[in-house]
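Structure first, then comments.
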Amino acid sequence: MRKIVFSGMRPTGKLHLGHLVGALSNWLELQQKYPCIFSIVDWHAFMGEYEQSHDINANIMDMAIDWLACGIDPDKSTLFVQSQVPEHLELAMILGCLTPLGWLERNPTYKEQLREITTRDLQTFAFLGYPVLQAADILLYKANLVPIGEDQLPHLELTREISRRFNHIFKKEVFTDCEAILTQTPRLLGLDGRKMSKSYQNAINLSDSKDDIEKKVKMMFTDPKRIKLSDPGHPEECNVYTYYEVFAPGQKEAVYEWCTKAQKGCTDCKKILAEHLVKYLEPIREKREKLVKDKDRVRDILEAGRKKASVMAKKTIEEVKEVIFK
Ligand code: TRP
Ligand code: SF4
């Protein structure tokens, strides 16, 4: 049997380089090999920020445009919006009936979020069940492979536990085990050396202009031990060098040389990096601009995706109801 790939992303804002390197590059490879289903999981966004729900619609459009601009191909992959396939909520509720509270309360990702995020209200019934909806996303399509970040591993483990519990209770192998696919590329840090994130305002967005990119790269932290131009630098400790490794690997040796031999200063080094980044992002930006002017096309793609996803989702729900009420 051919393996199916499923993944989802919360529409919380414009995509940045971290998303491109971390998730999308993985997706692009997978869509060459497997049937892929990629969902803009707006209910998951709503769960965590129900008071900012007015942003979600614009974010969905931005996300779809970013995906397409990066090369997610609607002829190969199914792209759709989670809330447009109501079976996600239906299956989540069904799975919720047989998911022990203790499993959810013990979830390390949940505990960490409650601890770390203080600006939003996460003390809700649905937020505790976040991984149940995520399990429903995956199981609705009987996906086998799930590309995710490491922080999502506990959710995937819960998905397996929930699906096994379902099969066990109803004595039928309705669901199969799914497997995580972790990104191989090292995590790309933000301008200030912390995790790249919209909320830290340290991200370079895929939609940034040449000017934005130049300004942002100028702000990047470099090797703190290199103070004067004549001080040799340590590329392995410099975030700028990591960017070269990812976005201009052909320049690695040259950068290493001019840095460790103090032949070029950090300002020049960053100027050159900015040029490479602008060039790297140029095709994405061009595609993006075309799509921004043709949102009807984007909506058509999402509608076609919704139809395909719906057929599969309905089939699974039928099967689930059959084993439950037989
Ligand atoms: N929770 C995931 C995240 O925050 C997003 C997500 C929702 C997801 N449903 C999914 C990822 C199903 C993989 C599969 O990154
Ligand atoms: Fe980093 Fe480049 Fe400066 Fe070396 S020269 S410390 S690689 S910015």
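Letters A, B, ... go to the chains of the structure tokens in the order shown; residues in each chain start at 1; ligands are counted from 1 in the same order.
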Report as a tab-separated table the residues of chain A within 12 Å of ligand 2, each with its shortest atom pair and distance in Å (one decimal), using only C-alpha atoms and all ligand atoms, ordered by chain and increasing residue number.
residue	atom	partner	partner_atom_place_in_ligand_line	distance
A:Leu191	CA	ligand 2	8 (S)	11.7
A:Val217	CA	ligand 2	8 (S)	9.8
A:Lys218	CA	ligand 2	8 (S)	9.6
A:Met219	CA	ligand 2	8 (S)	10.6
A:Met220	CA	ligand 2	8 (S)	8.2
A:Phe221	CA	ligand 2	8 (S)	7.8
A:Thr222	CA	ligand 2	1 (Fe)	4.7
A:Asp223	CA	ligand 2	6 (S)	4.4
A:Pro224	CA	ligand 2	6 (S)	7.7
A:Lys225	CA	ligand 2	6 (S)	8.2
A:Arg226	CA	ligand 2	6 (S)	6.3
A:Ile227	CA	ligand 2	6 (S)	9.2
A:Lys228	CA	ligand 2	3 (Fe)	10.2
A:Leu229	CA	ligand 2	5 (S)	8.8
A:Ser230	CA	ligand 2	5 (S)	10.7
A:Asp231	CA	ligand 2	6 (S)	9.4
A:Pro232	CA	ligand 2	4 (Fe)	7.9
A:Gly233	CA	ligand 2	6 (S)	4.8
A:His234	CA	ligand 2	6 (S)	5.9
A:Pro235	CA	ligand 2	7 (S)	4.5
A:Glu236	CA	ligand 2	7 (S)	7.9
A:Glu237	CA	ligand 2	1 (Fe)	7.7
A:Cys238	CA	ligand 2	1 (Fe)	4.7
A:Asn239	CA	ligand 2	1 (Fe)	6.6
A:Val240	CA	ligand 2	1 (Fe)	5.0
A:Tyr241	CA	ligand 2	7 (S)	4.6
A:Thr242	CA	ligand 2	7 (S)	8.3
A:Tyr243	CA	ligand 2	7 (S)	9.3
A:Tyr244	CA	ligand 2	7 (S)	8.4
A:Glu245	CA	ligand 2	7 (S)	10.4
A:Gln251	CA	ligand 2	7 (S)	11.0
A:Lys252	CA	ligand 2	7 (S)	9.3
A:Glu253	CA	ligand 2	7 (S)	10.7
A:Ala254	CA	ligand 2	7 (S)	10.0
A:Val255	CA	ligand 2	7 (S)	6.2
A:Tyr256	CA	ligand 2	7 (S)	6.7
A:Glu257	CA	ligand 2	4 (Fe)	9.0
A:Trp258	CA	ligand 2	5 (S)	6.7
A:Cys259	CA	ligand 2	4 (Fe)	4.2
A:Thr260	CA	ligand 2	4 (Fe)	7.0
A:Lys261	CA	ligand 2	5 (S)	9.3
A:Ala262	CA	ligand 2	5 (S)	7.4
A:Gln263	CA	ligand 2	5 (S)	8.4
A:Lys264	CA	ligand 2	5 (S)	6.1
A:Gly265	CA	ligand 2	5 (S)	5.3
A:Cys266	CA	ligand 2	3 (Fe)	3.6
A:Thr267	CA	ligand 2	8 (S)	7.0
A:Asp268	CA	ligand 2	5 (S)	7.6
A:Cys269	CA	ligand 2	2 (Fe)	4.6
A:Lys270	CA	ligand 2	8 (S)	5.8
A:Lys271	CA	ligand 2	8 (S)	9.3
A:Ile272	CA	ligand 2	2 (Fe)	9.3
A:Leu273	CA	ligand 2	2 (Fe)	8.6
A:Ala274	CA	ligand 2	8 (S)	11.2
For A:Tyr280, work out the shell of residues within 12 Å, counting only C-alpha atoms and skipping chain neighbours fewer than 5 positions away, then give it as a list in words.
Leu17, Leu20, Cys70, Leu206, Lys210, Ile213, Tyr243, Tyr244, Val246, Phe247, Ala248, Pro249, Leu273, Ala274, Glu275, Arg285 and Glu286 of chain A
Next, the residues of the selection above should be written as an mmCIF file, in the first residue's frame with N, CA and C atoms.
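Written output follows (result_17.cif):
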data_model
loop_
_atom_site.group_PDB
_atom_site.id
_atom_site.type_symbol
_atom_site.label_atom_id
_atom_site.label_comp_id
_atom_site.auth_asym_id
_atom_site.auth_seq_id
_atom_site.Cartn_x
_atom_site.Cartn_y
_atom_site.Cartn_z
ATOM 1 N N LEU A 17 11.797 32.336 7.247
ATOM 2 C CA LEU A 17 12.840 31.412 6.773
ATOM 3 C C LEU A 17 12.894 30.139 7.604
ATOM 4 N N LEU A 20 10.533 27.751 6.199
ATOM 5 C CA LEU A 20 11.002 27.264 4.899
ATOM 6 C C LEU A 20 12.033 26.157 5.092
ATOM 7 N N CYS A 70 6.408 28.725 -2.423
ATOM 8 C CA CYS A 70 7.595 27.906 -2.131
ATOM 9 C C CYS A 70 7.656 26.655 -2.989
ATOM 10 N N LEU A 206 9.218 35.318 4.310
ATOM 11 C CA LEU A 206 9.335 34.992 2.887
ATOM 12 C C LEU A 206 8.859 36.159 2.029
ATOM 13 N N LYS A 210 13.526 43.476 -0.618
ATOM 14 C CA LYS A 210 14.996 43.582 -0.624
ATOM 15 C C LYS A 210 15.455 44.480 0.525
ATOM 16 N N ILE A 213 15.107 42.825 3.913
ATOM 17 C CA ILE A 213 16.136 41.794 4.116
ATOM 18 C C ILE A 213 17.468 42.455 4.467
ATOM 19 N N TYR A 243 23.751 30.878 8.207
ATOM 20 C CA TYR A 243 22.908 31.296 7.085
ATOM 21 C C TYR A 243 23.608 31.035 5.752
ATOM 22 N N TYR A 244 24.919 31.307 5.719
ATOM 23 C CA TYR A 244 25.666 30.993 4.504
ATOM 24 C C TYR A 244 25.564 29.502 4.193
ATOM 25 N N VAL A 246 23.277 27.437 4.812
ATOM 26 C CA VAL A 246 21.962 27.027 4.332
ATOM 27 C C VAL A 246 21.621 27.672 2.987
ATOM 28 N N PHE A 247 21.903 28.951 2.854
ATOM 29 C CA PHE A 247 21.385 29.679 1.686
ATOM 30 C C PHE A 247 22.431 29.951 0.595
ATOM 31 N N ALA A 248 23.729 29.823 0.925
ATOM 32 C CA ALA A 248 24.764 30.014 -0.092
ATOM 33 C C ALA A 248 25.925 29.069 0.201
ATOM 34 N N PRO A 249 25.648 27.746 0.170
ATOM 35 C CA PRO A 249 26.678 26.786 0.583
ATOM 36 C C PRO A 249 27.949 26.898 -0.264
ATOM 37 N N LEU A 273 25.901 38.440 2.417
ATOM 38 C CA LEU A 273 24.857 37.466 2.761
ATOM 39 C C LEU A 273 23.480 37.987 2.322
ATOM 40 N N ALA A 274 23.247 39.263 2.578
ATOM 41 C CA ALA A 274 21.947 39.832 2.204
ATOM 42 C C ALA A 274 21.715 39.683 0.705
ATOM 43 N N GLU A 275 22.767 39.908 -0.094
ATOM 44 C CA GLU A 275 22.621 39.741 -1.544
ATOM 45 C C GLU A 275 22.212 38.314 -1.898
ATOM 46 N N ARG A 285 9.465 35.294 -4.028
ATOM 47 C CA ARG A 285 8.782 36.588 -3.962
ATOM 48 C C ARG A 285 8.002 36.898 -5.233
ATOM 49 N N GLU A 286 8.612 36.563 -6.364
ATOM 50 C CA GLU A 286 7.928 36.801 -7.637
ATOM 51 C C GLU A 286 6.631 36.005 -7.701
#
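Selecting all polymer residues at most 6 Å from ligand 1, using only C-alpha atoms and all ligand atoms, gives A:Phe6, A:Ser7, A:Gly8, A:Met9, A:Arg10, A:Val41, A:Gln134, A:Asp137, A:Ile138, A:Val146, A:Ile148.
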Export of prior selection with C-alpha atoms as an mmCIF file, in the first residue's frame:
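File written: part29.cif
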data_model
loop_
_atom_site.group_PDB
_atom_site.id
_atom_site.type_symbol
_atom_site.label_atom_id
_atom_site.label_comp_id
_atom_site.auth_asym_id
_atom_site.auth_seq_id
_atom_site.Cartn_x
_atom_site.Cartn_y
_atom_site.Cartn_z
ATOM 1 C CA PHE A 6 -0.223 14.416 6.296
ATOM 2 C CA SER A 7 0.895 17.588 7.968
ATOM 3 C CA GLY A 8 -0.650 20.775 9.228
ATOM 4 C CA MET A 9 0.383 24.303 10.078
ATOM 5 C CA ARG A 10 -1.434 26.845 12.200
ATOM 6 C CA VAL A 41 -5.279 24.039 10.658
ATOM 7 C CA GLN A 134 -4.383 16.668 15.831
ATOM 8 C CA ASP A 137 -6.415 15.297 11.455
ATOM 9 C CA ILE A 138 -3.979 12.473 10.871
ATOM 10 C CA VAL A 146 3.786 12.903 9.457
ATOM 11 C CA ILE A 148 6.732 17.567 12.150
#
Could you jot down the atom CA of A:Pro131 to atom CA of A:His155 separation for me, Å, one decimal place?
5.5 Å
Could you pull the residues within 10 Å of A:Ile94, counting only C-alpha atoms, minus those fewer than 4 positions along the same chain, as a VMD selection string?
chain A and resid 89 to 90 98 to 99 132 136 166 317 320 to 321 324
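A straight line drawn from atom CA of A:Glu289 to atom CA of A:Ala304 is 21.9 Å long.
By only C-alpha atoms, and with residues fewer than 3 positions from A:Leu302 along its chain excluded, the set lying at most 10 Å from it is Ser39, Ile40, Met61, Ala64, Pro74, Thr78, Leu79, Phe80, Val81, Gln84, Asp296, Arg297, Val298, Arg299, Gly305, Arg306, Lys307 and Lys308 of chain A.
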Filtered DSSP result for stretch 181-310 of chain A, state helix (DSSP H, G or I), as a count of residues only:
79
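Of the residues in stretch 8-194 of chain A, those given strand (DSSP E) by DSSP on the backbone are Gly8, Met9, Cys36, Ile37, Phe38, Ser39, Ile40, Ser77, Thr78, Leu79, Phe80, Val81, Leu145, Val146, Pro147, Ile148, Glu179, Ala180, Ile181 and Leu182 of chain A.
Proximity of A:Leu139, A:Lys33, A:Ile162, A:Phe170 to A:Leu101, computed with only C-alpha atoms, is greatest for A:Ile162.
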